[in-house]
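Peer 1: For reference, this is structure37.cif, and it has mmCIF, C-alpha atoms.
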data_model
#
loop_
_atom_site.group_PDB
_atom_site.id
_atom_site.type_symbol
_atom_site.label_atom_id
_atom_site.label_comp_id
_atom_site.auth_asym_id
_atom_site.auth_seq_id
_atom_site.Cartn_x
_atom_site.Cartn_y
_atom_site.Cartn_z
ATOM 1 C CA MET A 1 -21.640 -37.886 -11.935
ATOM 2 C CA PRO A 2 -23.796 -34.780 -12.554
ATOM 3 C CA PHE A 3 -22.395 -31.882 -14.555
ATOM 4 C CA PRO A 4 -23.923 -28.414 -14.939
ATOM 5 C CA VAL A 5 -24.754 -27.346 -18.463
ATOM 6 C CA SER A 6 -21.504 -25.853 -19.655
ATOM 7 C CA LYS A 7 -18.863 -25.822 -22.332
ATOM 8 C CA LEU A 8 -17.410 -28.887 -20.610
ATOM 9 C CA ASP A 9 -20.686 -30.794 -21.035
ATOM 10 C CA LYS A 10 -20.733 -29.957 -24.715
ATOM 11 C CA LEU A 11 -17.185 -31.197 -25.147
ATOM 12 C CA ILE A 12 -18.017 -34.463 -23.383
ATOM 13 C CA GLU A 13 -21.150 -34.951 -25.473
ATOM 14 C CA ARG A 14 -19.184 -34.430 -28.671
ATOM 15 C CA VAL A 15 -16.735 -37.167 -27.753
ATOM 16 C CA GLY A 16 -19.496 -39.743 -28.245
ATOM 17 C CA SER A 17 -18.469 -43.384 -28.284
ATOM 18 C CA VAL A 18 -14.752 -43.968 -27.870
ATOM 19 C CA ILE A 19 -12.935 -47.244 -28.463
ATOM 20 C CA GLY A 20 -10.206 -47.235 -25.811
ATOM 21 C CA GLY A 21 -7.972 -49.776 -27.525
ATOM 22 C CA ALA A 22 -8.078 -48.182 -30.986
ATOM 23 C CA PRO A 23 -4.997 -46.422 -32.408
ATOM 24 C CA ARG A 24 -5.057 -42.786 -31.331
ATOM 25 C CA VAL A 25 -2.877 -39.650 -31.324
ATOM 26 C CA HIS A 26 -2.288 -37.574 -28.189
ATOM 27 C CA ALA A 27 0.038 -34.563 -28.124
ATOM 28 C CA GLY A 28 1.441 -35.732 -31.452
ATOM 29 C CA VAL A 29 2.270 -39.220 -30.130
ATOM 30 C CA GLN A 30 0.677 -42.241 -31.804
ATOM 31 C CA PHE A 31 -0.663 -44.974 -29.525
ATOM 32 C CA ASP A 32 -1.428 -48.427 -30.865
ATOM 33 C CA SER A 33 -2.043 -50.967 -28.108
ATOM 34 C CA LEU A 34 -1.522 -53.977 -30.356
ATOM 35 C CA LYS A 35 1.152 -52.997 -32.896
ATOM 36 C CA GLY A 36 2.931 -50.104 -31.188
ATOM 37 C CA MET A 37 6.355 -50.423 -29.552
ATOM 38 C CA GLY A 38 5.909 -52.331 -26.288
ATOM 39 C CA GLY A 39 2.249 -53.052 -26.970
ATOM 40 C CA VAL A 40 0.626 -56.019 -25.220
ATOM 41 C CA PRO A 41 -2.686 -57.767 -25.988
ATOM 42 C CA ASP A 42 -4.063 -56.924 -22.527
ATOM 43 C CA ALA A 43 -3.915 -53.202 -23.322
ATOM 44 C CA ALA A 44 -5.775 -53.757 -26.586
ATOM 45 C CA ASN A 45 -8.481 -55.652 -24.665
ATOM 46 C CA VAL A 46 -9.055 -52.901 -22.103
ATOM 47 C CA ASP A 47 -12.651 -52.129 -23.112
ATOM 48 C CA TYR A 48 -13.646 -55.634 -22.011
ATOM 49 C CA ARG A 49 -11.285 -56.094 -19.078
ATOM 50 C CA GLY A 50 -11.201 -52.662 -17.461
ATOM 51 C CA PHE A 51 -10.916 -49.013 -18.444
ATOM 52 C CA THR A 52 -8.539 -46.461 -19.938
ATOM 53 C CA ALA A 53 -7.296 -43.800 -17.544
ATOM 54 C CA TYR A 54 -5.746 -40.579 -18.845
ATOM 55 C CA MET A 55 -2.962 -39.163 -16.703
ATOM 56 C CA ARG A 56 0.246 -37.214 -16.979
ATOM 57 C CA PRO A 57 3.478 -39.230 -17.290
ATOM 58 C CA ARG A 58 4.681 -38.351 -13.786
ATOM 59 C CA GLN A 59 1.473 -39.813 -12.340
ATOM 60 C CA PHE A 60 2.127 -43.173 -13.994
ATOM 61 C CA LEU A 61 5.740 -43.072 -12.838
ATOM 62 C CA GLN A 62 4.834 -42.273 -9.227
ATOM 63 C CA ILE A 63 2.569 -45.328 -8.853
ATOM 64 C CA ASN A 64 5.227 -47.748 -10.121
ATOM 65 C CA PRO A 65 8.808 -48.641 -9.127
ATOM 66 C CA GLN A 66 11.512 -46.483 -10.633
ATOM 67 C CA ARG A 67 13.250 -47.765 -13.766
ATOM 68 C CA ASP A 68 17.059 -47.839 -13.740
ATOM 69 C CA LEU A 69 17.877 -45.742 -16.804
ATOM 70 C CA ASP A 70 21.566 -46.678 -16.598
ATOM 71 C CA THR A 71 20.878 -50.361 -17.162
ATOM 72 C CA ARG A 72 17.690 -49.862 -19.211
ATOM 73 C CA PRO A 73 18.099 -46.649 -21.257
ATOM 74 C CA ILE A 74 15.206 -45.162 -23.216
ATOM 75 C CA ASP A 75 17.072 -43.629 -26.173
ATOM 76 C CA HIS A 76 15.351 -45.997 -28.617
ATOM 77 C CA ILE A 77 11.925 -45.003 -27.264
ATOM 78 C CA LEU A 78 12.688 -41.301 -27.562
ATOM 79 C CA SER A 79 13.856 -41.873 -31.135
ATOM 80 C CA ALA A 80 10.697 -43.827 -31.969
ATOM 81 C CA ILE A 81 8.473 -41.056 -30.580
ATOM 82 C CA ASP A 82 10.455 -38.377 -32.412
ATOM 83 C CA ASP A 83 10.181 -40.386 -35.657
ATOM 84 C CA GLY A 84 6.409 -40.666 -35.293
ATOM 85 C CA GLN A 85 6.378 -44.413 -34.661
ATOM 86 C CA PRO A 86 3.404 -45.702 -32.667
ATOM 87 C CA ILE A 87 3.954 -46.889 -29.114
ATOM 88 C CA GLY A 88 1.904 -49.332 -27.079
ATOM 89 C CA THR A 89 -0.429 -48.047 -24.384
ATOM 90 C CA PRO A 90 1.131 -48.459 -20.914
ATOM 91 C CA ILE A 91 -0.801 -50.718 -18.556
ATOM 92 C CA VAL A 92 -1.263 -51.285 -14.838
ATOM 93 C CA TYR A 93 -2.744 -54.362 -13.174
ATOM 94 C CA VAL A 94 -4.758 -53.601 -10.071
ATOM 95 C CA ASP A 95 -6.636 -55.147 -7.138
ATOM 96 C CA ARG A 96 -9.611 -53.481 -5.487
ATOM 97 C CA ALA A 97 -8.798 -52.057 -2.039
ATOM 98 C CA LYS A 98 -11.329 -52.010 0.807
ATOM 99 C CA ASP A 99 -11.829 -48.257 0.459
ATOM 100 C CA GLY A 100 -12.788 -48.609 -3.220
ATOM 101 C CA SER A 101 -9.450 -47.410 -4.587
ATOM 102 C CA TRP A 102 -7.207 -49.531 -6.789
ATOM 103 C CA GLN A 103 -3.952 -51.074 -5.570
ATOM 104 C CA VAL A 104 -1.388 -51.335 -8.352
ATOM 105 C CA ARG A 105 0.189 -54.825 -8.484
ATOM 106 C CA GLY A 106 1.972 -54.822 -11.819
ATOM 107 C CA HIS A 107 2.795 -52.660 -14.817
ATOM 108 C CA GLU A 108 4.189 -52.336 -18.342
ATOM 109 C CA GLY A 109 5.368 -49.057 -19.818
ATOM 110 C CA ARG A 110 7.731 -47.201 -17.476
ATOM 111 C CA GLY A 111 10.191 -46.609 -20.307
ATOM 112 C CA ARG A 112 7.506 -45.185 -22.585
ATOM 113 C CA MET A 113 6.139 -42.942 -19.845
ATOM 114 C CA THR A 114 9.632 -41.774 -18.892
ATOM 115 C CA ALA A 115 10.196 -40.807 -22.523
ATOM 116 C CA LEU A 116 6.830 -39.018 -22.641
ATOM 117 C CA HIS A 117 7.708 -37.206 -19.409
ATOM 118 C CA GLN A 118 10.850 -35.893 -21.099
ATOM 119 C CA ARG A 119 8.996 -34.830 -24.237
ATOM 120 C CA SER A 120 5.551 -33.711 -23.007
ATOM 121 C CA PRO A 121 5.344 -33.707 -19.192
ATOM 122 C CA GLY A 122 2.176 -31.626 -18.994
ATOM 123 C CA GLU A 123 0.064 -33.692 -21.389
ATOM 124 C CA TYR A 124 -2.425 -36.457 -20.628
ATOM 125 C CA PHE A 125 -1.742 -39.922 -22.046
ATOM 126 C CA PRO A 126 -3.694 -43.201 -21.947
ATOM 127 C CA VAL A 127 -3.059 -45.981 -19.437
ATOM 128 C CA ALA A 128 -4.922 -49.294 -19.640
ATOM 129 C CA VAL A 129 -6.162 -50.325 -16.178
ATOM 130 C CA HIS A 130 -6.866 -54.051 -15.743
ATOM 131 C CA PRO A 131 -8.429 -55.343 -12.518
ATOM 132 C CA TYR A 132 -7.245 -58.793 -11.461
ATOM 133 C CA GLY A 133 -9.735 -61.593 -10.851
ATOM 134 C CA SER A 134 -13.200 -61.857 -12.327
ATOM 135 C CA THR A 135 -13.946 -58.099 -12.470
ATOM 136 C CA ARG A 136 -14.760 -56.882 -15.961
ATOM 137 C CA ALA A 137 -15.621 -53.482 -17.428
ATOM 138 C CA HIS A 138 -19.365 -54.134 -17.165
ATOM 139 C CA ASP A 139 -18.961 -54.566 -13.385
ATOM 140 C CA LEU A 140 -17.517 -51.056 -12.979
ATOM 141 C CA SER A 141 -19.105 -47.646 -12.444
ATOM 142 C CA PRO A 142 -17.746 -44.248 -13.557
ATOM 143 C CA GLU A 143 -16.690 -43.651 -9.944
ATOM 144 C CA ASP A 144 -14.637 -46.876 -10.063
ATOM 145 C CA ALA A 145 -12.908 -45.672 -13.225
ATOM 146 C CA LEU A 146 -11.986 -42.361 -11.546
ATOM 147 C CA SER A 147 -10.822 -43.834 -8.228
ATOM 148 C CA TRP A 148 -7.342 -43.384 -6.806
ATOM 149 C CA LEU A 149 -4.579 -45.693 -7.999
ATOM 150 C CA ARG A 150 -2.443 -46.639 -4.978
ATOM 151 C CA PRO A 151 1.278 -47.107 -5.710
ATOM 152 C CA ASP A 152 2.833 -50.515 -6.205
ATOM 153 C CA GLU A 153 5.788 -51.495 -4.031
ATOM 154 C CA GLY A 154 8.560 -49.102 -5.027
ATOM 155 C CA GLY A 155 6.122 -46.368 -6.024
ATOM 156 C CA TYR A 156 5.721 -43.345 -3.803
ATOM 157 C CA LEU A 157 2.479 -41.441 -4.420
ATOM 158 C CA PRO A 158 -1.106 -42.285 -5.476
ATOM 159 C CA ALA A 159 -2.581 -40.877 -8.674
ATOM 160 C CA ARG A 160 -6.065 -40.189 -9.947
ATOM 161 C CA PRO A 161 -7.127 -40.030 -13.613
ATOM 162 C CA ALA A 162 -8.292 -36.733 -15.095
ATOM 163 C CA VAL A 163 -10.505 -38.615 -17.566
ATOM 164 C CA SER A 164 -11.389 -42.293 -17.833
ATOM 165 C CA ILE A 165 -13.010 -44.167 -20.693
ATOM 166 C CA LEU A 166 -15.365 -46.883 -19.463
ATOM 167 C CA GLY A 167 -17.665 -48.750 -21.817
ATOM 168 C CA GLY A 168 -16.781 -46.361 -24.637
ATOM 169 C CA LYS A 169 -17.846 -43.267 -22.684
ATOM 170 C CA PRO A 170 -15.665 -40.531 -21.162
ATOM 171 C CA HIS A 171 -15.951 -39.561 -17.502
ATOM 172 C CA VAL A 172 -14.187 -36.552 -15.962
ATOM 173 C CA GLY A 173 -12.793 -36.408 -12.435
ATOM 174 C CA SER A 174 -14.482 -34.111 -9.925
ATOM 175 C CA SER A 175 -11.378 -31.992 -9.242
ATOM 176 C CA ASP A 176 -11.000 -31.219 -12.950
ATOM 177 C CA VAL A 177 -14.703 -30.364 -13.219
ATOM 178 C CA GLU A 178 -14.344 -28.003 -10.244
ATOM 179 C CA PHE A 179 -11.295 -26.358 -11.813
ATOM 180 C CA PHE A 180 -13.227 -25.879 -15.049
ATOM 181 C CA GLN A 181 -16.198 -24.388 -13.186
ATOM 182 C CA GLN A 182 -14.012 -21.962 -11.236
ATOM 183 C CA HIS A 183 -11.885 -20.773 -14.133
ATOM 184 C CA GLY A 184 -14.191 -21.337 -17.094
ATOM 185 C CA VAL A 185 -11.336 -23.004 -18.956
ATOM 186 C CA HIS A 186 -9.040 -26.002 -18.515
ATOM 187 C CA PRO A 187 -6.715 -26.056 -21.550
ATOM 188 C CA ALA A 188 -5.153 -29.490 -20.945
ATOM 189 C CA LEU A 189 -8.500 -31.150 -20.259
ATOM 190 C CA GLU A 190 -10.202 -29.468 -23.209
ATOM 191 C CA LYS A 191 -7.360 -30.530 -25.490
ATOM 192 C CA LEU A 192 -7.645 -34.121 -24.276
ATOM 193 C CA LEU A 193 -11.413 -34.234 -24.819
ATOM 194 C CA GLN A 194 -10.967 -32.832 -28.317
ATOM 195 C CA GLU A 195 -8.321 -35.484 -29.074
ATOM 196 C CA LEU A 196 -10.724 -38.182 -27.889
ATOM 197 C CA GLN A 197 -13.428 -37.201 -30.349
ATOM 198 C CA PRO A 198 -14.226 -39.450 -33.291
ATOM 199 C CA GLN A 199 -12.479 -38.631 -36.567
ATOM 200 C CA GLY A 200 -13.574 -35.319 -38.027
ATOM 201 C CA GLY A 201 -13.178 -33.145 -34.934
ATOM 202 C CA ILE A 202 -15.754 -30.835 -33.399
ATOM 203 C CA ARG A 203 -18.706 -29.972 -35.574
#
Go through the file and emit its structure as structure tokens.

Peer 2:
Amino acid sequence: MPFPVSKLDKLIERVGSVIGGAPRVHAGVQFDSLKGMGGVPDAANVDYRGFTAYMRPRQFLQINPQRDLDTRPIDHILSAIDDGQPIGTPIVYVDRAKDGSWQVRGHEGRGRMTALHQRSPGEYFPVAVHPYGSTRAHDLSPEDALSWLRPDEGGYLPARPAVSILGGKPHVGSSDVEFFQQHGVHPALEKLLQELQPQGGIR
């Protein structure tokens, strides 16, 4: 995907190589795919199996069935986040649709994303995306990693990542690039790209 020379390009260049499954902090929340609350090995293996998509909590929630908070409350998750405990990266399992989009077929992490929606609804958070079958990360293009995620049964609206990490490299969605070009600034996107940088921050 071509980008004009801009502040956005410089931010993307400074991100460098990113390990999607590594422990990371976004909007003050620690994510650890392997040891965090609710973590699963598939999410920690995302760099081999698929890609990491960054989206707002409501986007994850709209592509998955609703969670019954009366029978499955999230108080313990909210407490863990407030106490600074790491949480596992949410995950969706997908099949490729004929139009090139991804059809969501399974998930883990509605409770975590519901808690994040209550605490930081406007922030971007990581979601591990695992294609079913023999597809692996090396089979995918940046366009694949930025394609629409069609809702699972019980979901109600598709979602598209703002940023995806594929093969250790960040890729930004076209609508967010256009917004940046029009306005010269995109605070949420810039914050996310800065959080994705290797330790040490921008130099």

Peer 1: With a cut-off of 10 Å, could you pull out the residues of stretch 38-143 of chain A touching stretch 184-195 of chain A and give me the nearest pair of atoms for each, distance in Å to one decimal, using all atoms listed in the file, ordered by chain and ascending number, as a Markdown table?

Peer 2:
| residue | atom | partner | partner_atom | distance |
| --- | --- | --- | --- | --- |
| A:Tyr54 | CA | A:Leu192 | CA | 8.6 |
| A:Gly122 | CA | A:Ala188 | CA | 7.9 |
| A:Glu123 | CA | A:Ala188 | CA | 6.7 |
| A:Tyr124 | CA | A:Leu192 | CA | 6.8 |
| A:Phe125 | CA | A:Leu192 | CA | 8.6 |

Peer 1: Selection from above, C-alpha atoms, as a JSON list (two decimals), in the frame of the given file, can you write it?

Peer 2:
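Contents of part.json, as written:
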[["chain", "number", "residue", "atom", "x", "y", "z"],
["A", 54, "TYR", "CA", -5.75, -40.58, -18.84],
["A", 122, "GLY", "CA", 2.18, -31.63, -18.99],
["A", 123, "GLU", "CA", 0.06, -33.69, -21.39],
["A", 124, "TYR", "CA", -2.42, -36.46, -20.63],
["A", 125, "PHE", "CA", -1.74, -39.92, -22.05]]

Peer 1: What separation in Å, quoted to one decimal, exists between atom CA of A:His138 and atom CA of A:Val172?

Peer 2: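 Interatomic distance, atom CA of A:His138 to atom CA of A:Val172: 18.4 Å.
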
Peer 1: From the list A:Asp75, A:Asp32, A:Glu13, A:Glu178, which residue is nearest A:Gln118 when using all atoms listed in the file?

Peer 2: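 For A:Gln118, the nearest of the candidates is A:Asp75.
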
Peer 1: Using only C-alpha atoms, can you tell me which of A:Ala137, A:Met37, A:Val127, A:Leu146 comes closest to A:Gly167?

Peer 2: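 Looking at the shortest contact to A:Gly167, the residue is A:Ala137.
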
Peer 1: Quick one: of A:Val29, A:Asp144, A:Asp152, A:Ser174, who's nearest to A:Asp99, counting all atoms listed in the file?

Peer 2: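 Comparing A:Val29, A:Asp144, A:Asp152, A:Ser174 against A:Asp99, the winner is A:Asp144.
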
Peer 1: Determine, counting all atoms listed in the file, every residue of protein, DNA or RNA that lies within 12 Å of (-4.1, -44.3, -17.3) in the file coordinates, then give the result as a JSON list (two decimals) with C-alpha atoms, in the frame of the given file.

Peer 2:
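Below is the file out.json, written as the result:
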[["chain", "number", "residue", "atom", "x", "y", "z"],
["A", 20, "GLY", "CA", -10.21, -47.24, -25.81],
["A", 43, "ALA", "CA", -3.92, -53.20, -23.32],
["A", 46, "VAL", "CA", -9.06, -52.90, -22.10],
["A", 50, "GLY", "CA", -11.20, -52.66, -17.46],
["A", 51, "PHE", "CA", -10.92, -49.01, -18.44],
["A", 52, "THR", "CA", -8.54, -46.46, -19.94],
["A", 53, "ALA", "CA", -7.30, -43.80, -17.54],
["A", 54, "TYR", "CA", -5.75, -40.58, -18.84],
["A", 55, "MET", "CA", -2.96, -39.16, -16.70],
["A", 56, "ARG", "CA", 0.25, -37.21, -16.98],
["A", 57, "PRO", "CA", 3.48, -39.23, -17.29],
["A", 58, "ARG", "CA", 4.68, -38.35, -13.79],
["A", 59, "GLN", "CA", 1.47, -39.81, -12.34],
["A", 60, "PHE", "CA", 2.13, -43.17, -13.99],
["A", 61, "LEU", "CA", 5.74, -43.07, -12.84],
["A", 63, "ILE", "CA", 2.57, -45.33, -8.85],
["A", 89, "THR", "CA", -0.43, -48.05, -24.38],
["A", 90, "PRO", "CA", 1.13, -48.46, -20.91],
["A", 91, "ILE", "CA", -0.80, -50.72, -18.56],
["A", 92, "VAL", "CA", -1.26, -51.28, -14.84],
["A", 93, "TYR", "CA", -2.74, -54.36, -13.17],
["A", 94, "VAL", "CA", -4.76, -53.60, -10.07],
["A", 104, "VAL", "CA", -1.39, -51.34, -8.35],
["A", 107, "HIS", "CA", 2.80, -52.66, -14.82],
["A", 108, "GLU", "CA", 4.19, -52.34, -18.34],
["A", 109, "GLY", "CA", 5.37, -49.06, -19.82],
["A", 113, "MET", "CA", 6.14, -42.94, -19.84],
["A", 124, "TYR", "CA", -2.42, -36.46, -20.63],
["A", 125, "PHE", "CA", -1.74, -39.92, -22.05],
["A", 126, "PRO", "CA", -3.69, -43.20, -21.95],
["A", 127, "VAL", "CA", -3.06, -45.98, -19.44],
["A", 128, "ALA", "CA", -4.92, -49.29, -19.64],
["A", 129, "VAL", "CA", -6.16, -50.32, -16.18],
["A", 130, "HIS", "CA", -6.87, -54.05, -15.74],
["A", 145, "ALA", "CA", -12.91, -45.67, -13.22],
["A", 146, "LEU", "CA", -11.99, -42.36, -11.55],
["A", 147, "SER", "CA", -10.82, -43.83, -8.23],
["A", 148, "TRP", "CA", -7.34, -43.38, -6.81],
["A", 149, "LEU", "CA", -4.58, -45.69, -8.00],
["A", 159, "ALA", "CA", -2.58, -40.88, -8.67],
["A", 160, "ARG", "CA", -6.06, -40.19, -9.95],
["A", 161, "PRO", "CA", -7.13, -40.03, -13.61],
["A", 162, "ALA", "CA", -8.29, -36.73, -15.10],
["A", 163, "VAL", "CA", -10.50, -38.62, -17.57],
["A", 164, "SER", "CA", -11.39, -42.29, -17.83],
["A", 165, "ILE", "CA", -13.01, -44.17, -20.69],
["A", 166, "LEU", "CA", -15.36, -46.88, -19.46]]

Peer 1: Edge lengths and centre in Å to one decimal, as JSON, is what I'm after for the box along x, y and z that holds all listed atoms of stretch 38-52 of chain A once 6 Å is added on each side.

Peer 2:
{"center_x": -3.9, "center_y": -52.1, "center_z": -22.2, "size_x": 31.6, "size_y": 23.3, "size_z": 21.5}

Peer 1: Calculate how many Å separate atom CA of A:His76 from atom CA of A:Leu116, rounding to one decimal.

Peer 2: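 So the answer is 12.5 Å.
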
Peer 1: Take atom CA of A:Gly173 and atom CA of A:Asp9 and report the distance between them in Å, one decimal.

Peer 2: 13.0 Å

Peer 1: Suppose a student applies the PyMOL selection byres ((chain A and resi 81) around 9) to this structure; what residues should they get, written as a PyMOL selection string?

Peer 2: chain A and resi 28-30+76-80+82-87+115-116+119

Peer 1: Neighbouring residues of A:Ala22 were defined as those with any atom within 9 Å, considering all atoms listed in the file; residues of the same chain fewer than 3 positions away were excluded. Please report them as a PyMOL selection string.

Peer 2: chain A and resi 18-19+31-34+44

Peer 1: Residues at most 9 Å from A:Gly16, counting only C-alpha atoms, excluding those fewer than 6 positions away in the same chain, as a PyMOL selection string?

Peer 2: chain A and resi 168-170+196-198

Peer 1: Tell me which of A:Ser141, A:Ser134, A:Gln62, A:Gln181 sits closest to A:Asp95, counting all atoms listed in the file.

Peer 2: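 With all atoms listed in the file as the atom set, the closest residue is A:Ser134.
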